[in-house]
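Coordinates from start.txt are shown below (compact mmCIF, C-alpha atoms).
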```txt
# COMPACT_ATOMS: atom_id res chain seq x y z
CA MET B 1 109.99 57.17 139.24
CA ARG B 2 110.21 60.94 139.21
CA ASP B 3 108.29 63.62 141.05
CA VAL B 4 106.19 66.14 139.13
CA GLN B 5 105.54 69.80 139.74
CA HIS B 6 101.92 70.35 138.72
CA CYS B 7 100.17 68.35 141.43
CA ASP B 8 98.67 69.33 144.78
CA TRP B 9 99.05 65.90 146.44
CA ASP B 10 101.08 65.89 149.65
CA LEU B 11 104.16 63.69 149.92
CA PRO B 12 102.58 60.84 151.97
CA SER B 13 99.73 60.58 149.44
CA ARG B 14 102.19 60.42 146.56
CA LEU B 15 104.25 57.72 148.26
CA GLU B 16 101.11 55.67 148.93
CA ALA B 17 100.11 56.01 145.27
CA VAL B 18 103.56 54.82 144.18
CA ARG B 19 103.23 51.78 146.46
CA ARG B 20 99.76 50.92 145.14
CA HIS B 21 100.92 51.40 141.55
CA THR B 22 103.89 49.07 142.10
CA ASP B 23 101.61 46.48 143.72
CA ALA B 24 99.18 46.68 140.80
CA TRP B 25 101.95 45.87 138.34
CA ASN B 26 103.40 43.15 140.55
CA ASN B 27 99.97 41.51 140.80
CA LEU B 28 98.82 42.41 137.25
CA GLN B 29 95.68 44.12 138.50
CA PHE B 30 93.78 46.05 135.81
CA PRO B 31 90.17 46.15 137.05
CA THR B 32 88.76 48.77 134.65
CA HIS B 33 87.96 47.61 131.08
CA LYS B 34 86.46 49.52 128.16
CA GLN B 35 86.37 49.69 124.36
CA ILE B 36 87.17 52.93 122.53
CA PRO B 37 85.47 53.73 119.19
CA MET B 38 87.68 54.93 116.36
CA GLU B 39 87.00 58.24 114.61
CA HIS B 40 87.19 56.49 111.23
CA ASP B 41 88.69 53.19 110.11
CA LEU B 42 90.97 54.69 107.46
CA VAL B 43 93.44 55.80 110.11
CA ILE B 44 94.41 52.19 110.76
CA GLY B 45 94.62 51.37 107.08
CA ASN B 46 97.08 54.20 106.57
CA GLY B 47 98.82 53.52 109.87
CA GLN B 48 99.56 57.21 110.12
CA ALA B 49 96.84 59.10 111.91
CA TRP B 50 96.57 57.73 115.44
CA ASP B 51 98.96 57.46 118.34
CA LEU B 52 99.08 56.23 121.92
CA VAL B 53 101.03 58.56 124.18
CA SER B 54 101.09 58.97 127.97
CA GLY B 55 97.82 57.11 128.45
CA ILE B 56 96.04 59.09 125.73
CA LEU B 57 94.64 57.61 122.51
CA ALA B 58 94.79 60.40 119.93
CA GLN B 59 93.10 60.01 116.54
CA ALA B 60 93.13 62.32 113.53
CA ARG B 61 89.67 63.63 112.71
CA PRO B 62 88.54 63.40 109.06
CA HIS B 63 88.17 67.15 108.58
CA GLY B 64 90.83 68.55 110.88
CA GLY B 65 92.18 68.27 114.39
CA ILE B 66 92.47 65.23 116.62
CA SER B 67 90.15 63.54 119.10
CA CYS B 68 91.64 62.39 122.40
CA VAL B 69 90.68 59.87 125.04
CA GLN B 70 92.55 60.03 128.33
CA MET B 71 92.37 56.50 129.74
CA PRO B 72 91.68 56.44 133.49
CA CYS B 73 93.88 55.39 136.40
CA SER B 74 92.14 55.21 139.78
CA ILE B 75 95.45 54.99 141.66
CA LYS B 76 96.54 58.37 140.28
CA GLY B 77 93.08 59.90 140.50
CA ILE B 78 92.83 60.28 136.73
CA PRO B 79 89.29 59.91 135.29
CA GLU B 80 88.51 59.00 131.71
CA ARG B 81 88.22 62.19 129.69
CA LYS B 82 87.42 62.93 126.05
CA TRP B 83 88.13 66.10 124.13
CA ASN B 84 88.89 67.43 120.68
CA VAL B 85 91.93 69.46 119.64
CA LEU B 86 90.77 71.52 116.66
CA THR B 87 92.86 72.65 113.69
CA GLU B 88 91.79 74.46 110.55
CA PHE B 89 93.44 71.84 108.32
CA PRO B 90 93.20 68.03 107.96
CA ILE B 91 96.10 66.17 109.58
CA PHE B 92 97.86 63.50 107.52
CA ASN B 93 100.29 62.49 110.26
CA PHE B 94 101.20 63.76 113.72
CA ALA B 95 103.28 63.25 116.85
CA ILE B 96 102.77 64.53 120.39
CA ASP B 97 105.21 65.55 123.13
CA VAL B 98 103.03 66.04 126.22
CA THR B 99 105.97 67.27 128.31
CA GLN B 100 106.15 70.38 126.12
CA ASP B 101 102.47 70.56 125.13
CA LEU B 102 103.63 70.08 121.52
CA LEU B 103 101.59 68.74 118.61
CA VAL B 104 103.62 68.25 115.41
CA ALA B 105 101.10 67.93 112.57
CA ILE B 106 101.75 67.31 108.87
CA GLU B 107 99.36 68.80 106.33
CA LEU B 108 99.45 67.83 102.67
CA VAL B 109 98.06 70.47 100.33
CA ASP B 110 96.75 68.63 97.24
CA ASP B 111 95.77 69.78 93.75
CA GLY B 112 93.40 66.86 93.38
CA MET B 113 95.96 64.30 92.16
CA HIS B 114 99.29 65.06 93.86
CA ALA B 115 100.54 66.79 96.98
CA ARG B 116 101.76 70.23 95.91
CA ARG B 117 103.08 71.17 99.30
CA CYS B 118 103.82 69.71 102.72
CA ASP B 119 103.48 71.89 105.81
CA VAL B 120 104.82 70.90 109.23
CA HIS B 121 102.71 72.69 111.85
CA LEU B 122 103.84 73.26 115.44
CA ARG B 123 100.75 73.53 117.63
CA SER B 124 99.73 73.33 121.27
CA PHE B 125 98.46 69.87 122.10
CA THR B 126 95.96 71.29 124.61
CA THR B 127 94.46 74.02 122.40
CA GLY B 128 95.35 73.26 118.77
CA MET B 129 96.53 76.85 118.42
CA VAL B 130 100.02 77.92 117.33
CA HIS B 131 102.51 76.82 119.99
CA PRO B 132 103.51 79.93 121.97
CA ARG B 133 107.22 78.99 121.93
CA ALA B 134 107.42 78.31 118.17
CA ARG B 135 108.83 81.35 116.37
CA CYS B 136 108.16 79.70 112.99
CA PRO B 137 104.95 77.72 113.63
CA ARG B 138 104.64 76.44 110.06
CA ILE B 139 107.64 74.90 108.27
CA THR B 140 107.33 74.24 104.54
CA PRO B 141 110.13 71.94 103.28
CA LEU B 142 111.26 73.18 99.87
CA PHE B 143 112.64 69.76 98.86
CA PHE B 144 109.24 68.06 99.12
CA ASP B 145 107.49 66.55 96.09
CA GLU B 146 104.74 63.96 95.62
CA ARG B 147 107.19 61.09 95.16
CA ILE B 148 108.04 61.12 98.88
CA ARG B 149 104.55 61.48 100.31
CA SER B 150 103.84 57.80 100.91
CA ARG B 151 105.01 57.63 104.51
CA PHE B 152 106.18 59.90 107.30
CA SER B 153 107.79 59.22 110.65
CA ILE B 154 107.96 61.95 113.29
CA GLY B 155 109.93 62.13 116.54
CA ALA B 156 110.53 64.82 119.14
CA GLY B 157 113.43 65.33 121.53
CA GLY B 158 113.67 68.46 123.67
CA PRO B 159 114.22 71.41 121.32
CA TYR B 160 114.32 69.22 118.19
CA VAL B 161 111.79 67.59 115.88
CA GLY B 162 112.89 64.95 113.38
CA VAL B 163 110.90 63.81 110.35
CA PHE B 164 111.42 61.06 107.79
CA PHE B 165 109.87 62.04 104.48
CA GLY B 166 109.09 59.32 101.98
CA ASP B 167 108.87 55.57 102.00
CA THR B 168 111.07 54.39 104.87
CA GLY B 169 110.86 50.75 103.82
CA ILE B 170 114.05 48.87 103.10
CA TRP B 171 115.86 49.81 99.87
CA HIS B 172 113.53 52.68 98.99
CA LEU B 173 115.64 55.69 98.01
CA LEU B 174 113.18 58.57 97.73
CA THR B 175 113.69 59.46 101.36
CA VAL B 176 114.88 62.51 103.28
CA PHE B 177 115.58 62.82 107.00
CA VAL B 178 115.47 66.30 108.54
CA ILE B 179 115.87 67.64 112.07
CA TRP B 180 114.66 71.12 112.97
CA ASP B 181 115.02 73.21 116.09
CA TRP B 182 111.28 73.61 116.50
CA ILE B 183 111.55 76.66 118.75
CA ASN B 184 113.41 78.89 116.27
CA GLY B 185 112.53 76.98 113.08
CA ASN B 186 116.15 76.46 112.00
CA GLN B 187 117.16 73.29 110.18
CA SER B 188 119.84 71.37 112.10
CA MET B 189 120.31 68.25 109.97
CA PHE B 190 119.41 67.21 106.41
CA ILE B 191 120.26 63.76 105.05
CA GLY B 192 119.26 62.77 101.55
CA ASN B 193 118.63 59.09 100.80
CA PRO B 194 119.63 57.81 104.24
CA ASN B 195 120.43 54.13 104.64
CA PHE B 196 118.51 54.06 107.89
CA THR B 197 114.82 53.41 108.22
CA SER B 198 113.77 54.49 111.70
CA PHE B 199 114.94 56.77 114.49
CA ALA B 200 114.37 57.75 118.10
CA PHE B 201 115.89 60.43 120.30
CA ILE B 202 118.11 59.06 123.08
CA SER B 203 118.44 62.52 124.60
CA ASP B 204 117.99 66.11 123.52
CA GLU B 205 121.20 65.90 121.47
CA LEU B 206 121.53 62.22 120.47
CA VAL B 207 119.58 60.21 117.88
CA LEU B 208 119.45 56.41 117.57
CA VAL B 209 118.88 55.12 114.01
CA THR B 210 118.49 51.68 112.46
CA PHE B 211 121.08 51.41 109.69
CA ILE B 212 121.63 48.92 106.86
CA ASP B 213 124.79 49.21 104.79
CA ASP B 214 125.28 48.16 101.16
CA TYR B 215 126.32 44.66 102.27
CA GLY B 216 123.19 44.06 104.37
CA GLN B 217 124.83 44.65 107.76
CA VAL B 218 122.17 45.82 110.22
CA SER B 219 123.28 48.07 113.05
CA LEU B 220 122.17 50.71 115.50
CA ARG B 221 123.98 54.00 114.97
CA ILE B 222 124.08 56.96 117.30
CA LEU B 223 124.25 60.40 115.72
CA ALA B 224 124.77 63.75 117.41
CA VAL B 225 122.46 66.57 116.36
CA PRO B 226 124.89 69.04 114.78
CA ARG B 227 124.92 72.76 115.32
CA GLY B 228 124.44 74.49 112.01
CA ASN B 229 122.76 73.32 108.83
CA PRO B 230 124.75 70.50 107.21
CA VAL B 231 123.44 68.95 104.01
CA SER B 232 124.77 65.46 103.46
CA PHE B 233 124.15 61.90 102.36
CA ALA B 234 124.13 58.84 104.61
CA TRP B 235 127.72 57.85 103.87
CA ASP B 236 128.94 61.33 104.86
CA VAL B 237 127.27 61.36 108.27
CA GLU B 238 129.61 60.92 111.20
CA TYR B 239 128.33 58.75 114.00
CA LEU B 240 129.43 58.50 117.63
CA CYS B 241 128.98 54.75 117.91
CA GLU B 242 127.72 51.79 115.87
CA LEU B 243 126.29 48.69 117.54
CA ARG B 244 126.21 45.88 115.00
CA TYR B 245 123.69 43.06 114.74
CA PRO B 246 124.74 39.46 114.04
CA ARG B 247 125.20 38.77 110.34
CA LEU B 248 121.95 38.03 108.52
CA ARG B 249 121.39 35.13 106.15
CA THR B 250 118.25 36.68 104.62
CA PHE B 251 116.81 40.01 103.54
CA VAL B 252 115.22 42.44 105.95
CA ASP B 253 111.63 43.47 105.17
CA ASP B 254 111.52 46.30 107.71
CA ILE B 255 113.17 47.48 110.91
CA PHE B 256 112.02 50.20 113.26
CA ILE B 257 112.47 51.56 116.78
CA THR B 258 109.92 52.41 119.46
CA SER B 259 110.36 53.73 122.99
CA ALA B 260 108.35 55.56 125.61
CA PRO B 261 108.30 57.88 127.41
CA LEU B 262 110.31 60.45 125.47
CA THR B 263 113.89 60.68 126.72
CA THR B 264 113.86 64.45 127.00
CA SER B 265 115.14 66.81 129.66
CA ALA B 266 112.00 68.93 129.41
CA ALA B 267 109.86 69.00 132.55
CA PRO B 268 106.09 68.69 132.04
CA ILE B 269 104.39 72.07 131.68
CA ILE B 270 100.81 70.78 131.73
CA PRO B 271 98.98 69.23 134.70
CA VAL B 272 99.98 65.61 135.18
CA ALA B 273 99.65 62.77 137.65
CA PRO B 274 101.32 62.73 141.10
CA PHE B 275 104.32 60.80 139.77
CA ALA B 276 105.72 59.43 136.53
CA HIS B 277 108.43 57.08 135.37
CA SER B 278 111.84 58.62 134.86
CA SER B 279 112.35 59.45 131.19
CA THR B 280 115.99 58.33 131.44
CA ASP B 281 115.15 54.74 132.41
CA VAL B 282 113.72 53.29 129.21
CA LEU B 283 113.98 50.38 126.80
CA PHE B 284 114.45 50.87 123.09
CA THR B 285 112.45 48.22 121.26
CA VAL B 286 113.92 47.41 117.84
CA ILE B 287 111.60 45.27 115.70
CA LEU B 288 113.15 43.49 112.71
CA LYS B 289 110.80 41.87 110.17
CA TYR B 290 112.23 39.36 107.71
CA THR B 291 111.43 36.56 105.29
CA VAL B 292 113.36 33.31 105.52
CA ASP B 293 112.65 29.88 103.99
CA SER B 294 109.52 31.35 102.35
CA GLY B 295 108.11 32.35 105.74
CA ALA B 296 107.73 35.73 107.39
CA GLY B 297 108.94 36.36 110.93
CA ALA B 298 110.03 39.03 113.36
CA VAL B 299 112.46 39.41 116.24
CA VAL B 300 112.46 42.15 118.83
CA LEU B 301 115.66 43.43 120.41
CA LEU B 302 115.22 45.07 123.82
CA VAL B 303 118.08 47.50 124.47
CA PRO B 304 118.22 49.56 127.69
CA ARG B 305 119.22 53.17 127.26
CA SER B 306 122.05 52.57 129.71
CA THR B 307 123.58 49.96 127.37
CA ILE B 308 123.70 52.48 124.53
CA LEU B 309 125.12 55.32 126.60
CA ASN B 310 127.78 53.07 128.15
CA HIS B 311 129.06 52.02 124.73
CA ILE B 312 129.08 55.58 123.42
CA SER B 313 131.45 56.35 126.28
CA SER B 314 133.53 53.22 125.67
CA VAL B 315 134.41 54.18 122.07
CA ALA B 316 134.69 57.94 122.62
CA ALA B 317 138.49 57.92 122.65
CA SER B 318 138.87 55.24 119.97
CA SER B 319 139.24 55.68 116.24
CA GLN B 320 137.08 52.58 115.73
CA LYS B 321 133.50 53.59 116.43
CA TYR B 322 131.78 50.26 115.74
CA LEU B 323 131.29 47.29 118.03
CA GLU B 324 130.62 43.81 116.73
CA TRP B 325 127.60 41.97 118.16
CA GLU B 326 129.68 39.72 120.42
CA SER B 327 131.13 42.68 122.31
CA TRP B 328 127.87 44.39 123.22
CA GLY B 329 124.72 42.39 122.37
CA PRO B 330 124.74 39.11 124.33
CA LYS B 331 124.98 40.70 127.78
CA GLY B 332 123.63 44.18 126.99
CA SER B 333 120.30 43.26 125.39
CA ARG B 334 117.59 40.62 125.14
CA MET B 335 116.39 39.29 121.75
CA LEU B 336 113.04 37.53 121.45
CA LYS B 337 110.86 36.19 118.65
CA MET B 338 107.49 37.90 118.34
CA ASP B 339 104.22 37.67 116.46
CA LEU B 340 103.91 39.78 113.33
CA SER B 341 101.62 42.80 113.47
CA ASP B 342 101.20 46.01 111.50
CA VAL B 343 100.33 47.83 114.73
CA TRP B 344 103.58 48.95 116.29
CA ALA B 345 103.00 51.86 118.68
CA CYS B 346 104.01 51.50 122.33
CA HIS B 347 105.32 47.95 122.49
CA SER B 348 107.32 49.15 125.50
CA TYR B 349 107.01 51.74 128.23
CA ALA B 350 109.91 52.56 130.54
CA ARG B 351 111.53 49.15 131.25
CA LYS B 352 108.45 47.05 130.39
CA ASP B 353 107.68 45.42 127.03
CA VAL B 354 104.49 43.68 125.94
CA ASN B 355 103.74 41.15 123.21
CA SER B 356 100.61 39.21 122.28
CA ALA B 357 100.67 35.49 123.00
CA ARG B 358 98.29 32.63 123.71
CA CYS B 359 99.03 31.64 127.28
CA PRO B 360 97.29 31.53 130.67
CA HIS B 361 97.64 34.03 133.48
CA LEU B 362 101.07 33.52 135.04
CA SER B 363 102.68 35.46 137.86
CA TRP B 364 106.02 37.21 137.49
CA LYS B 365 109.12 35.05 137.34
CA ALA B 366 112.71 35.68 136.33
CA LEU B 367 113.53 35.42 132.65
CA PRO B 368 115.64 32.41 131.70
CA ILE B 369 119.31 33.12 132.18
CA GLU B 370 119.69 33.00 128.40
CA THR B 371 117.33 33.35 125.45
CA LYS B 372 118.33 31.60 122.24
CA ILE B 373 117.23 32.38 118.68
CA GLY B 374 118.03 29.05 117.03
CA ARG B 375 118.70 28.08 113.44
CA ARG B 376 115.19 26.93 112.55
CA ARG B 377 113.81 29.87 110.55
CA ASN B 378 116.51 31.97 112.18
CA PRO B 379 117.27 35.13 110.14
CA PHE B 380 120.88 35.16 111.36
CA ASP B 381 123.76 32.95 110.26
CA MET B 382 124.47 31.96 113.87
CA ASP B 383 122.54 31.05 117.01
CA VAL B 384 121.88 34.29 118.89
CA VAL B 385 122.05 34.06 122.68
CA THR B 386 121.22 37.04 124.91
CA SER B 387 121.11 37.29 128.68
CA PHE B 388 120.20 40.80 129.87
CA PRO B 389 118.29 40.13 133.13
CA GLY B 390 114.57 40.70 133.54
CA ARG B 391 111.30 39.04 134.50
CA GLU B 392 108.18 37.94 132.65
CA ALA B 393 104.50 37.30 133.31
CA SER B 394 101.28 36.83 131.34
CA ILE B 395 97.75 38.11 131.80
CA GLN B 396 94.42 37.18 130.24
CA LEU B 397 93.09 39.96 128.01
CA ILE B 398 89.45 40.97 127.95
CA PRO B 399 87.57 38.85 125.40
CA ASN B 400 86.95 39.89 121.80
CA ASN B 401 85.04 37.84 119.19
CA HIS B 402 87.92 38.01 116.71
CA GLY B 403 90.84 38.12 119.13
CA TRP B 404 93.35 40.95 119.34
CA GLU B 405 95.78 41.76 116.56
CA SER B 406 98.26 43.54 118.79
CA THR B 407 98.81 44.54 122.39
CA MET B 408 100.36 47.78 123.60
CA ILE B 409 101.36 49.25 126.92
CA THR B 410 101.44 52.56 128.81
CA GLU B 411 102.47 53.44 132.34
CA ASP B 412 99.04 52.50 133.68
CA HIS B 413 97.32 50.43 130.97
CA ILE B 414 97.34 47.48 128.65
CA VAL B 415 95.79 48.44 125.31
CA MET B 416 94.50 46.07 122.63
CA VAL B 417 93.66 46.67 118.98
CA GLN B 418 91.92 44.67 116.27
CA SER B 419 92.14 46.34 112.87
CA GLU B 420 91.86 43.35 110.54
CA ARG B 421 88.06 43.47 110.69
CA GLU B 422 85.68 46.39 110.48
CA PRO B 423 84.96 48.34 112.51
CA THR B 424 88.37 48.75 114.08
CA VAL B 425 88.28 48.10 117.83
CA PHE B 426 90.48 49.53 120.58
CA ALA B 427 90.14 48.52 124.21
CA TYR B 428 92.02 49.19 127.41
CA MET B 429 92.59 47.53 130.78
CA ALA B 430 93.37 50.20 133.40
CA MET B 431 94.64 50.25 136.98
```
Using structure tokens, write down the structure that the file contains.
Amino acid sequence: MRDVQHCDWDLPSRLEAVRRHTDAWNNLQFPTHKQIPMEHDLVIGNGQAWDLVSGILAQARPHGGISCVQMPCSIKGIPERKWNVLTEFPIFNFAIDVTQDLLVAIELVDDGMHARRCDVHLRSFTTGMVHPRARCPRITPLFFDERIRSRFSIGAGGPYVGVFFGDTGIWHLLTVFVIWDWINGNQSMFIGNPNFTSFAFISDELVLVTFIDDYGQVSLRILAVPRGNPVSFAWDVEYLCELRYPRLRTFVDDIFITSAPLTTSAAPIIPVAPFAHSSTDVLFTVILKYTVDSGAGAVVLLVPRSTILNHISSVAASSQKYLEWESWGPKGSRMLKMDLSDVWACHSYARKDVNSARCPHLSWKALPIETKIGRRRNPFDMDVVTSFPGREASIQLIPNNHGWESTMITEDHIVMVQSEREPTVFAYMAM
């Protein structure tokens, strides 16, 4: 946990709230339940215009701006609240950094058939107006054309904003990865046709990417945000460390990273709750989707931030920057099989991860000493055994006529979504 500045609670009240919050998680107590209507169902179909961040469900509005629902938490004294953040343009994709009151919004300017221009807007999340710290509040990438408009991925880390342009699916080449210093508008990194498909900031200066080489080797690579404006291709990019997966015996359909909260050094500048989880104590959830023996499957790799940082240090003085799976994965991570879902936001928060499953309510217990991904429909050419310690529990979700397609998590909530049927349904269970 970390203390926060913008709160008038005295210290004993904060400590009591921390104790009650810990007890609620230990006893899986989420007494408040509610469904949240979607602004319009197309946002789920595109998978690009909604997000779940810091207990807020944010949805792009059809004609501009975003609508927000702050989910409640009685322990922290947070009521449910709804509001709209207005913009003068429709938002195709967006990301939010609440610690810096930053809304990164992508606008596509069309001529009726194709996108003529892509603008990256830097706005205040609370007002929708130009962010007061952004000296160049609208960035127009000159390399953009309609061939790379199919998908975007946005991430923020302290003074930097990173964006994937194009189809980030495996083996698609019309892709560009760019990092900007969002405060001064300068471009810090440009990579054409990267061989990685997803990214997340580990810190203000370090980026974790999922990488697949020409031989199908999957790995996690750590890049440093350079000073200057290098233009390069994936094979020219120097990396600080590479953490390799076990060898695959099949093709990868997709691989991507999620984590929350943001691992940034920025302190919150908007009013927040009396305490929050430390942004340095997080899991990175790496979801790998594959097809093997004519069947689709997925595995999730849970990697603590500390594991990554420790191995960056371990290879710092070595000329060999990569580590084979056996030297880092079995004891430094936990790999699990998971149900397939197209809804991917917020599988983990801090050191907790959530996954949908059909099971009764079970209290917390220690994870098995080892978890084994065996050979039956195993995407790897070996049995994969991991043993990073943890605990597990299960909780009954609130009922829904069609079940829940995916389950997500925040610091204070369990959130469910069902997008396979219309209308799309979101619901939360809150402390």
Per residue of stretch 149-205 of chain B within 12 Å of stretch 121-127 of chain B, what are the shortest atom pair and its distance in Å to one decimal, counting only C-alpha atoms, with rows by chain and residue number, as JSON lines?
```
{"residue": "B:Ala156", "atom": "CA", "partner": "B:Leu122", "partner_atom": "CA", "distance": 11.4}
{"residue": "B:Tyr160", "atom": "CA", "partner": "B:Leu122", "partner_atom": "CA", "distance": 11.6}
{"residue": "B:Val161", "atom": "CA", "partner": "B:Leu122", "partner_atom": "CA", "distance": 9.8}
{"residue": "B:Trp180", "atom": "CA", "partner": "B:Leu122", "partner_atom": "CA", "distance": 11.3}
{"residue": "B:Asp181", "atom": "CA", "partner": "B:Leu122", "partner_atom": "CA", "distance": 11.2}
{"residue": "B:Trp182", "atom": "CA", "partner": "B:Leu122", "partner_atom": "CA", "distance": 7.5}
{"residue": "B:Ile183", "atom": "CA", "partner": "B:Leu122", "partner_atom": "CA", "distance": 9.1}
{"residue": "B:Asn184", "atom": "CA", "partner": "B:Leu122", "partner_atom": "CA", "distance": 11.1}
{"residue": "B:Gly185", "atom": "CA", "partner": "B:Leu122", "partner_atom": "CA", "distance": 9.7}
```
May I have the selected residues written with C-alpha atoms, as an mmCIF file, in the coordinates of the input?
```cif
data_model
loop_
_atom_site.group_PDB
_atom_site.id
_atom_site.type_symbol
_atom_site.label_atom_id
_atom_site.label_comp_id
_atom_site.auth_asym_id
_atom_site.auth_seq_id
_atom_site.Cartn_x
_atom_site.Cartn_y
_atom_site.Cartn_z
ATOM 1 C CA ALA B 156 110.530 64.820 119.140
ATOM 2 C CA TYR B 160 114.320 69.220 118.190
ATOM 3 C CA VAL B 161 111.790 67.590 115.880
ATOM 4 C CA TRP B 180 114.660 71.120 112.970
ATOM 5 C CA ASP B 181 115.020 73.210 116.090
ATOM 6 C CA TRP B 182 111.280 73.610 116.500
ATOM 7 C CA ILE B 183 111.550 76.660 118.750
ATOM 8 C CA ASN B 184 113.410 78.890 116.270
ATOM 9 C CA GLY B 185 112.530 76.980 113.080
#
```
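Our summary of the geometry notes that atom CA of B:Val109 is positioned 14.7 Å from atom CA of B:Pro62.
You can rank B:Pro330, B:Ala357, B:Gly192, B:Phe89 by their closest distance to B:Ile369 using only C-alpha atoms, and at the top of that list sits B:Pro330.
Atom pair atom CA of B:His413 / atom CA of B:Gly55: separated by 7.2 Å.
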- Query: Which polymer residues, protein or nucleic acid, are no farther than 12 Å from (120.8, 53.7, 113.9), counting all atoms listed in the file, as a VMD selection string?
  - Reply: chain B and resid 194 to 202 206 to 213 217 to 224 234 237 to 245 255 to 257 284 286 308 322
- Task: Give me, please, the distance in Å between atom CA of B:Ile36 and atom CA of B:Arg61, quoted to one decimal.
- Result: 14.7 Å
